[in-house]
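The structure file upload.cif is reproduced below (mmCIF, C-alpha atoms).
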data_start
loop_
_atom_site.label_atom_id
_atom_site.label_comp_id
_atom_site.auth_asym_id
_atom_site.auth_seq_id
_atom_site.Cartn_x
_atom_site.Cartn_y
_atom_site.Cartn_z
CA MET A 1 0.00 0.00 0.00
CA GLY A 2 1.26 3.45 -0.92
CA GLN A 3 -0.03 6.90 -0.16
CA GLN A 4 -0.69 9.72 -2.60
CA ILE A 5 0.26 13.14 -1.21
CA ARG A 6 -1.59 16.08 -2.74
CA PHE A 7 -2.04 19.79 -2.07
CA CYS A 8 -4.90 22.25 -2.29
CA ARG A 9 -5.60 25.89 -1.40
CA SER A 10 -7.88 26.84 1.44
CA PHE A 11 -10.24 29.83 1.52
CA ASP A 12 -7.42 32.31 2.30
CA GLY A 13 -4.82 30.84 -0.05
CA THR A 14 -3.09 28.71 2.61
CA GLY A 15 -1.61 25.53 1.13
CA ILE A 16 -3.02 22.39 2.76
CA ALA A 17 -1.42 18.94 2.33
CA TYR A 18 -3.48 15.78 2.32
CA ALA A 19 -2.87 12.09 1.67
CA ILE A 20 -5.01 9.31 0.20
CA THR A 21 -4.63 5.57 0.89
CA GLY A 22 -6.77 2.47 0.52
CA ASP A 23 -9.89 1.65 -1.43
CA GLY A 24 -13.60 1.66 -0.63
CA PRO A 25 -16.08 4.19 0.78
CA ALA A 26 -14.41 7.42 1.84
CA LEU A 27 -13.34 7.96 5.45
CA VAL A 28 -11.88 11.40 6.21
CA ARG A 29 -9.75 12.22 9.25
CA ALA A 30 -10.45 15.75 10.45
CA PRO A 31 -7.38 17.94 11.15
CA HIS A 32 -5.88 17.82 14.62
CA TRP A 33 -2.70 18.85 16.35
CA LEU A 34 0.61 17.06 15.83
CA THR A 35 0.31 15.62 12.36
CA HIS A 36 2.79 15.21 9.53
CA ILE A 37 1.37 12.98 6.80
CA GLU A 38 4.80 12.02 5.49
CA TYR A 39 6.34 11.27 8.90
CA GLU A 40 3.22 9.35 10.01
CA TRP A 41 3.82 6.94 7.14
CA ARG A 42 6.91 5.57 8.92
CA SER A 43 5.76 6.14 12.51
CA PRO A 44 5.41 3.06 14.79
CA ILE A 45 2.41 4.85 16.32
CA TRP A 46 0.50 6.01 13.24
CA LYS A 47 1.47 3.53 10.49
CA PRO A 48 -0.69 0.78 12.08
CA TRP A 49 -3.59 3.25 12.19
CA ILE A 50 -3.19 4.14 8.52
CA GLU A 51 -3.03 0.48 7.50
CA ALA A 52 -6.08 -0.51 9.55
CA LEU A 53 -8.20 2.44 8.42
CA SER A 54 -7.25 1.89 4.76
CA ARG A 55 -8.19 -1.80 4.58
CA ARG A 56 -11.88 -1.14 4.00
CA HIS A 57 -11.96 2.55 3.12
CA THR A 58 -10.40 5.22 0.99
CA LEU A 59 -8.73 7.11 3.83
CA VAL A 60 -8.11 10.86 3.47
CA ARG A 61 -5.76 12.44 6.03
CA MET A 62 -4.63 16.03 6.15
CA ASP A 63 -2.12 18.30 7.84
CA GLY A 64 -3.87 21.26 9.39
CA ARG A 65 -2.47 24.70 8.67
CA GLY A 66 0.81 25.30 10.43
CA CYS A 67 1.52 21.56 10.64
CA GLY A 68 3.39 18.95 8.64
CA LEU A 69 3.54 19.60 4.89
CA SER A 70 0.89 22.33 4.98
CA ASP A 71 1.94 25.98 4.94
CA ARG A 72 3.59 26.85 8.26
CA ASP A 73 3.07 30.61 8.17
CA ALA A 74 -0.70 30.79 8.48
CA GLY A 75 -3.27 32.35 10.77
CA ILE A 76 -4.72 29.84 13.22
CA SER A 77 -8.39 29.76 14.25
CA PHE A 78 -11.14 27.21 14.75
CA GLU A 79 -12.98 28.66 11.76
CA ALA A 80 -9.88 28.21 9.58
CA TRP A 81 -9.56 24.56 10.65
CA VAL A 82 -13.14 23.88 9.54
CA ARG A 83 -12.64 25.73 6.26
CA ASP A 84 -9.42 23.78 5.61
CA LEU A 85 -11.37 20.53 5.97
CA GLU A 86 -13.91 21.85 3.48
CA ALA A 87 -11.11 22.64 1.03
CA VAL A 88 -9.60 19.15 1.28
CA VAL A 89 -12.81 17.16 0.77
CA ASP A 90 -13.72 19.40 -2.17
CA ALA A 91 -10.26 18.97 -3.72
CA ALA A 92 -10.50 15.20 -3.23
CA GLY A 93 -13.86 15.20 -5.02
CA LEU A 94 -15.78 13.69 -2.10
CA GLU A 95 -19.54 14.12 -1.97
CA ARG A 96 -20.52 11.88 0.97
CA PHE A 97 -18.20 10.29 3.49
CA ALA A 98 -17.72 9.17 7.07
CA LEU A 99 -15.78 11.60 9.24
CA LEU A 100 -13.28 10.61 11.93
CA GLY A 101 -12.37 13.15 14.61
CA HIS A 102 -9.62 12.53 17.16
CA SER A 103 -9.10 14.86 20.15
CA GLN A 104 -9.39 18.47 18.94
CA GLY A 105 -10.40 17.13 15.52
CA SER A 106 -13.69 15.93 17.02
CA ALA A 107 -15.02 19.46 17.52
CA ILE A 108 -13.93 20.34 13.98
CA ALA A 109 -15.69 17.23 12.65
CA VAL A 110 -18.89 18.10 14.51
CA GLU A 111 -18.89 21.66 13.20
CA PHE A 112 -18.35 20.42 9.64
CA ALA A 113 -21.18 17.88 10.00
CA VAL A 114 -23.56 20.59 11.20
CA ARG A 115 -22.66 22.91 8.32
CA HIS A 116 -22.85 20.11 5.72
CA PRO A 117 -25.47 17.62 6.97
CA GLY A 118 -25.93 16.10 3.53
CA ARG A 119 -22.26 15.16 3.16
CA VAL A 120 -21.40 13.36 6.41
CA THR A 121 -22.85 9.86 6.71
CA HIS A 122 -21.31 8.91 10.08
CA LEU A 123 -19.26 10.61 12.79
CA VAL A 124 -16.65 8.60 14.71
CA LEU A 125 -15.09 10.60 17.55
CA LEU A 126 -12.19 9.40 19.70
CA GLY A 127 -10.88 11.19 22.80
CA ALA A 128 -13.27 14.03 22.04
CA TYR A 129 -13.97 17.27 23.88
CA ALA A 130 -16.51 20.00 23.19
CA ARG A 131 -14.89 22.48 25.59
CA GLY A 132 -11.29 23.62 25.37
CA GLN A 133 -9.48 24.03 28.67
CA MET A 134 -10.25 27.75 28.95
CA LYS A 135 -13.97 26.98 28.44
CA ARG A 136 -14.14 24.66 31.46
CA ASP A 137 -14.30 27.50 34.01
CA PRO A 138 -10.73 26.90 35.19
CA PRO A 139 -9.63 28.44 38.51
CA ALA A 140 -6.88 31.05 38.50
CA GLN A 141 -4.26 28.45 39.40
CA ARG A 142 -5.18 26.34 36.39
CA VAL A 143 -5.02 29.35 34.08
CA ALA A 144 -1.51 30.05 35.40
CA GLU A 145 -0.54 26.43 34.73
CA LEU A 146 -1.75 26.67 31.14
CA GLU A 147 0.22 29.86 30.57
CA ALA A 148 3.31 28.17 32.02
CA LEU A 149 2.75 25.25 29.66
CA LEU A 150 2.65 27.60 26.68
CA LYS A 151 5.92 29.19 27.81
CA LEU A 152 7.48 25.74 28.12
CA VAL A 153 6.45 24.96 24.55
CA GLU A 154 7.81 28.27 23.32
CA VAL A 155 11.29 27.78 24.79
CA GLY A 156 11.74 24.01 24.62
CA TRP A 157 9.75 22.63 21.70
CA GLY A 158 12.43 22.80 19.02
CA ARG A 159 15.45 21.74 21.06
CA ASP A 160 17.50 18.64 20.37
CA ASP A 161 17.03 17.72 24.04
CA PRO A 162 13.67 15.86 24.07
CA SER A 163 13.00 16.35 27.80
CA TYR A 164 10.64 19.30 27.21
CA ARG A 165 8.59 17.38 24.66
CA GLN A 166 8.62 14.25 26.80
CA LEU A 167 5.93 15.82 28.99
CA PHE A 168 3.51 15.70 26.07
CA SER A 169 4.64 12.28 24.86
CA THR A 170 3.93 10.61 28.19
CA GLN A 171 0.51 12.27 28.39
CA PHE A 172 -0.44 11.05 24.94
CA LEU A 173 1.09 7.58 25.38
CA PRO A 174 1.54 6.62 29.05
CA GLY A 175 1.62 2.98 27.92
CA GLY A 176 4.02 3.56 25.04
CA THR A 177 7.26 1.66 24.47
CA PRO A 178 10.53 3.63 24.46
CA ALA A 179 10.52 3.55 20.63
CA GLN A 180 6.94 4.83 20.48
CA LEU A 181 7.65 7.63 22.97
CA GLN A 182 10.76 8.65 21.03
CA SER A 183 8.76 8.68 17.79
CA MET A 184 6.04 10.81 19.41
CA SER A 185 8.66 13.29 20.60
CA GLU A 186 10.17 13.50 17.13
CA LEU A 187 6.74 13.92 15.53
CA GLN A 188 6.10 16.92 17.76
CA ARG A 189 9.23 18.66 16.49
CA GLU A 190 8.57 17.65 12.87
CA SER A 191 4.93 18.71 13.00
CA ALA A 192 5.16 22.36 14.04
CA THR A 193 7.54 25.12 15.05
CA PRO A 194 7.48 26.29 18.68
CA GLU A 195 5.74 29.51 17.68
CA MET A 196 3.08 27.69 15.69
CA ALA A 197 2.58 25.10 18.43
CA VAL A 198 1.80 27.92 20.88
CA GLN A 199 -0.76 29.42 18.47
CA ILE A 200 -2.41 26.05 17.95
CA LEU A 201 -2.60 25.37 21.68
CA ARG A 202 -4.10 28.79 22.43
CA ASN A 203 -6.86 28.15 19.90
CA MET A 204 -7.45 24.65 21.20
CA PHE A 205 -7.93 26.06 24.69
CA ARG A 206 -10.80 28.23 23.38
CA ILE A 207 -12.77 25.58 21.47
CA ASP A 208 -16.48 25.46 22.30
CA ALA A 209 -18.58 23.07 20.21
CA ARG A 210 -21.45 22.59 22.66
CA GLU A 211 -24.10 24.40 20.65
CA SER A 212 -23.10 22.71 17.39
CA ALA A 213 -23.18 19.30 19.09
CA ARG A 214 -26.90 19.65 19.73
CA ARG A 215 -27.55 20.08 15.99
CA VAL A 216 -25.75 16.98 14.68
CA ALA A 217 -28.14 15.02 12.43
CA CYS A 218 -26.05 11.98 11.40
CA PRO A 219 -25.27 8.85 13.46
CA ALA A 220 -22.41 9.47 15.91
CA LEU A 221 -20.12 7.08 17.78
CA PHE A 222 -17.94 8.34 20.65
CA LEU A 223 -15.07 6.29 22.10
CA HIS A 224 -13.01 7.49 25.05
CA ALA A 225 -10.21 6.07 27.21
CA ARG A 226 -11.18 5.95 30.88
CA GLY A 227 -7.71 7.01 32.00
CA ASP A 228 -7.05 9.58 29.24
CA LEU A 229 -4.47 12.08 30.57
CA ARG A 230 -4.97 14.56 27.71
CA VAL A 231 -8.77 14.75 27.63
CA PRO A 232 -10.64 13.76 30.81
CA PHE A 233 -13.16 10.95 30.43
CA GLU A 234 -15.93 13.23 31.71
CA GLU A 235 -15.31 15.70 28.87
CA GLY A 236 -15.94 12.93 26.35
CA ARG A 237 -19.06 11.85 28.20
CA LEU A 238 -20.35 15.43 28.29
CA PHE A 239 -19.77 15.84 24.54
CA ALA A 240 -21.55 12.59 23.69
CA GLY A 241 -24.48 13.59 25.87
CA LEU A 242 -25.04 16.69 23.74
CA VAL A 243 -25.23 14.87 20.39
CA PRO A 244 -28.72 13.47 19.71
CA GLY A 245 -28.73 9.66 19.70
CA ALA A 246 -24.95 9.35 20.03
CA ARG A 247 -23.48 6.08 21.26
CA PHE A 248 -20.66 6.23 23.83
CA VAL A 249 -18.09 3.44 24.25
CA PRO A 250 -15.63 3.55 27.19
CA LEU A 251 -12.19 2.13 26.40
CA GLU A 252 -10.19 0.46 29.16
CA THR A 253 -6.86 2.21 28.62
CA ASP A 254 -4.93 5.32 29.67
CA ASN A 255 -3.65 6.09 26.17
CA HIS A 256 -5.03 9.11 24.33
CA ILE A 257 -3.62 7.60 21.13
CA LEU A 258 -4.48 3.90 21.07
CA LEU A 259 -1.45 1.68 20.53
CA PRO A 260 -1.40 -1.41 18.26
CA GLN A 261 -0.17 -3.68 21.06
CA GLU A 262 -3.16 -3.03 23.34
CA PRO A 263 -6.57 -4.78 23.20
CA GLU A 264 -8.49 -1.50 22.94
CA PHE A 265 -6.83 -0.76 19.61
CA ARG A 266 -8.59 -3.83 18.20
CA ARG A 267 -11.76 -2.89 20.09
CA PHE A 268 -11.80 0.49 18.37
CA PHE A 269 -11.67 -1.07 14.92
CA GLU A 270 -14.34 -3.63 15.77
CA GLU A 271 -16.64 -0.78 16.80
CA LEU A 272 -15.71 1.22 13.70
CA GLU A 273 -16.37 -1.72 11.38
CA ALA A 274 -19.76 -2.37 12.98
CA PHE A 275 -20.75 1.31 12.75
CA VAL A 276 -19.48 2.61 9.40
CA PRO A 277 -20.69 0.87 6.20
CA SER A 278 -18.09 -0.55 3.83
CA ALA A 279 -18.07 -1.58 0.18
CA SER A 280 -19.17 -5.08 1.06
CA GLY A 281 -22.90 -4.50 0.52
CA ALA A 282 -23.00 -5.97 -2.98
CA ARG A 283 -21.02 -9.01 -1.90
CA GLY A 284 -23.39 -9.44 1.03
CA GLN A 285 -26.51 -9.43 -1.15
CA LYS A 286 -25.22 -12.43 -3.10
CA ALA A 287 -24.33 -14.27 0.10
CA PHE A 288 -27.71 -13.52 1.70
CA ALA A 289 -29.46 -15.47 -1.07
CA SER A 290 -27.79 -18.67 0.17
CA LEU A 291 -29.18 -18.35 3.71
CA THR A 292 -32.08 -20.45 4.92
CA ALA A 293 -35.15 -18.69 6.30
CA ARG A 294 -34.03 -19.39 9.87
CA GLU A 295 -30.48 -18.19 9.18
CA ALA A 296 -31.88 -15.00 7.67
CA GLU A 297 -33.94 -14.43 10.83
CA VAL A 298 -30.89 -14.94 13.02
CA LEU A 299 -28.73 -12.64 10.88
CA GLU A 300 -31.33 -9.87 11.09
CA LEU A 301 -31.23 -10.05 14.90
CA VAL A 302 -27.43 -10.23 14.93
CA ALA A 303 -27.38 -7.08 12.77
CA GLN A 304 -29.60 -5.39 15.35
CA GLY A 305 -26.86 -6.01 17.91
CA LEU A 306 -28.59 -8.78 19.91
CA GLY A 307 -26.58 -11.47 21.65
CA ASN A 308 -27.24 -15.19 21.28
CA ALA A 309 -29.30 -15.43 24.47
CA ARG A 310 -31.70 -12.69 23.41
CA ILE A 311 -31.96 -14.11 19.89
CA ALA A 312 -32.81 -17.53 21.33
CA ALA A 313 -35.49 -16.07 23.58
CA GLY A 314 -36.96 -13.99 20.76
CA LEU A 315 -37.18 -16.90 18.31
CA GLY A 316 -38.14 -19.55 20.89
CA ILE A 317 -35.14 -21.77 20.13
CA SER A 318 -32.16 -22.93 22.17
CA GLU A 319 -28.99 -20.89 22.48
CA LYS A 320 -27.04 -23.84 21.02
CA THR A 321 -29.24 -23.71 17.92
CA VAL A 322 -28.51 -20.00 17.60
CA ARG A 323 -24.76 -20.67 17.83
CA ASN A 324 -25.01 -23.32 15.12
CA ASN A 325 -26.92 -20.93 12.88
CA VAL A 326 -24.38 -18.18 13.49
CA SER A 327 -21.52 -20.54 12.54
CA ARG A 328 -23.22 -21.46 9.27
CA ILE A 329 -23.94 -17.77 8.58
CA PHE A 330 -20.24 -16.95 9.06
CA ASP A 331 -19.28 -19.67 6.58
CA LYS A 332 -21.77 -18.53 3.96
CA LEU A 333 -20.90 -14.85 4.31
CA GLY A 334 -17.16 -15.53 4.38
CA VAL A 335 -16.58 -13.64 7.62
CA GLU A 336 -14.58 -14.51 10.73
CA SER A 337 -16.21 -12.49 13.48
CA ARG A 338 -19.57 -11.21 14.67
CA ALA A 339 -18.43 -7.62 14.02
CA GLN A 340 -17.69 -8.46 10.37
CA ALA A 341 -21.07 -10.18 10.00
CA ILE A 342 -22.83 -7.14 11.44
CA VAL A 343 -21.03 -4.82 9.04
CA LEU A 344 -21.88 -6.98 6.03
CA ALA A 345 -25.52 -7.30 7.11
CA ARG A 346 -25.96 -3.58 7.74
CA ASP A 347 -24.30 -2.74 4.44
CA GLY A 348 -26.95 -4.97 2.88
CA GLY A 349 -29.79 -3.09 4.56
CA LEU A 350 -30.39 -5.43 7.52
CA GLY A 351 -30.56 -4.48 11.18
CA LYS A 352 -32.37 -1.19 10.69
CA PRO A 353 -34.99 -0.07 13.24
#
Let me see the file written as structure tokens.
Amino acid sequence: MGQQIRFCRSFDGTGIAYAITGDGPALVRAPHWLTHIEYEWRSPIWKPWIEALSRRHTLVRMDGRGCGLSDRDAGISFEAWVRDLEAVVDAAGLERFALLGHSQGSAIAVEFAVRHPGRVTHLVLLGAYARGQMKRDPPAQRVAELEALLKLVEVGWGRDDPSYRQLFSTQFLPGGTPAQLQSMSELQRESATPEMAVQILRNMFRIDARESARRVACPALFLHARGDLRVPFEEGRLFAGLVPGARFVPLETDNHILLPQEPEFRRFFEELEAFVPSASGARGQKAFASLTAREAEVLELVAQGLGNARIAAGLGISEKTVRNNVSRIFDKLGVESRAQAIVLARDGGLGKP
């Protein structure tokens, strides 16, 4: 798998870099802090993400203004981040797509979805917050801490000595290996200059997407690490509570960026696969024709998210019979897991209320 790196111009002429990988329905990653689409390609943290997201989708990633391969000398604002996302999806020729927001990118994704309700099919939001740190009614001591943090970034971000950046690395990846922490530190320096990092942080502190969250019209899935050191779990819960009908999935980890060696990395992709349709709908229709009437009944209930016990009770059959039906369904559909069966069934129109 290779990536295509392209460039476009945003509303104010700022050059924005974006990359395309994979094949299938489009999945767009909203801009967030600390990206560099070229460096990510060889990162032990982000390469596994790119590969996993690109297996079933055409993945579009971008460097926000001031970061990575995008123009570094650019005015930073929340409005500009949203407009940059608009520029990229237009340049990529995307009409409808699923939108992935991570951390600060979640608020950007929500704002885009509200402005363009006909273009976003699904929202997937990881480690999300609706309120930046200055919008959480911080006490004076906390405000002083944030200002001290900005000063630390200003004086230590670009140094060869990684000790200043290590503070951020360990917050993002408390469970990271030494190689992953070193890569995260290097990505910070590659991604943005100290001056630009300060500007980005100041604007992140002032994010407030609470009103927009209430107007989201598409299906939304929130996932949040219980022990997240960058974005408190309660902030993710608050955000999800504002979005009508949103589903919230707690993840049993402390990592703000999920790591490939941890179970919750796989859990994230199982939830993603069950939530966002893929290109497998046509394949599924052919396979559905081979199912018996009973197997079709069972698959419909599996697609609705029911477990074997509830399916057995609903159909008046034993749980063992349900398991046998599920095994035969897997064989006929050519899938290996319940999550894959659910995705295929929902792509084919099953499991709808």
In Å to one decimal, how far is CA of Glu234 (chain A) from CA of Arg29 (chain A)?
23.3 Å
A:Ile50, A:Gly351, A:Tyr129, A:Ser70: which is nearest Leu301 (chain A), counting all atoms listed in the file?
A:Gly351
Please report, as CSV, each residue of region 253-351 of chain A lying at most 12 Å from region 181-192 of chain A, together with the nearest pair of atoms and the separation in Å rounded to one decimal; use all atoms listed in the file, and order rows by chain and ascending residue number.
residue,atom,partner,partner_atom,distance
A:Asn255,CA,A:Leu181,CA,11.8
A:Ile257,CA,A:Met184,CA,10.3
A:Leu259,CA,A:Leu181,CA,11.1
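Counting from CA of Gln4 (chain A), the distance to CA of Tyr18 (chain A) is 8.3 Å.
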Taking 6 positions as the minimum chain separation for residues in the same chain, which residues sit within 8 Å of Ala217 (chain A) when counting all atoms listed in the file? Answer as a PDB file with C-alpha atoms, keeping the file's coordinate frame.
ATOM      1  CA  ALA A 113     -21.180  17.880  10.000  1.00  0.00           C
ATOM      2  CA  VAL A 114     -23.560  20.590  11.200  1.00  0.00           C
ATOM      3  CA  PRO A 117     -25.470  17.620   6.970  1.00  0.00           C
ATOM      4  CA  PRO A 244     -28.720  13.470  19.710  1.00  0.00           C
TER       5      PRO A 244
END
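Our summary of the geometry notes that CA of Gly75 (chain A) is positioned 12.1 Å from CA of Val198 (chain A).
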Quick one: residues within 6 Å of region 292-295 of chain A, all atoms listed in the file counted, chain neighbours fewer than 2 positions away excluded, as a ChimeraX atom specification?
/A:297-298,325
Which of these, A:His224, A:Arg328, A:Arg266, A:Arg83, has the shortest distance to Glu252 (chain A) once you count only C-alpha atoms?
A:His224
For the provided coordinates, the residues matched by the PyMOL selection byres ((chain A and resi 69) around 12) should be stated as a ChimeraX atom specification.
/A:5-8,14-19,34-40,61-68,70-73,190-192
Expand the PyMOL selection byres ((chain A and resi 260-263) around 9) into the individual residues it matches in the shown file, reporting them as a PyMOL selection string.
chain A and resi 44-45+48-49+175+252-253+258-259+264-268
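Proximity ranking of A:Pro277, A:Ala140, A:Ile329, A:Gly307 relative to Ser290 (chain A) places A:Ile329 first, based on all atoms listed in the file.
Nearest residue to Gly127 (chain A), choosing from A:Ala144, A:Ala52, A:Leu229, A:Ala74 and counting only C-alpha atoms: A:Leu229.
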Using only C-alpha atoms, what residues lie at most 8 Å away from (-13.7, 7.7, 14.2) (file coordinates), given as a PyMOL selection string?
chain A and resi 29+99-102+123-126+221-222+272
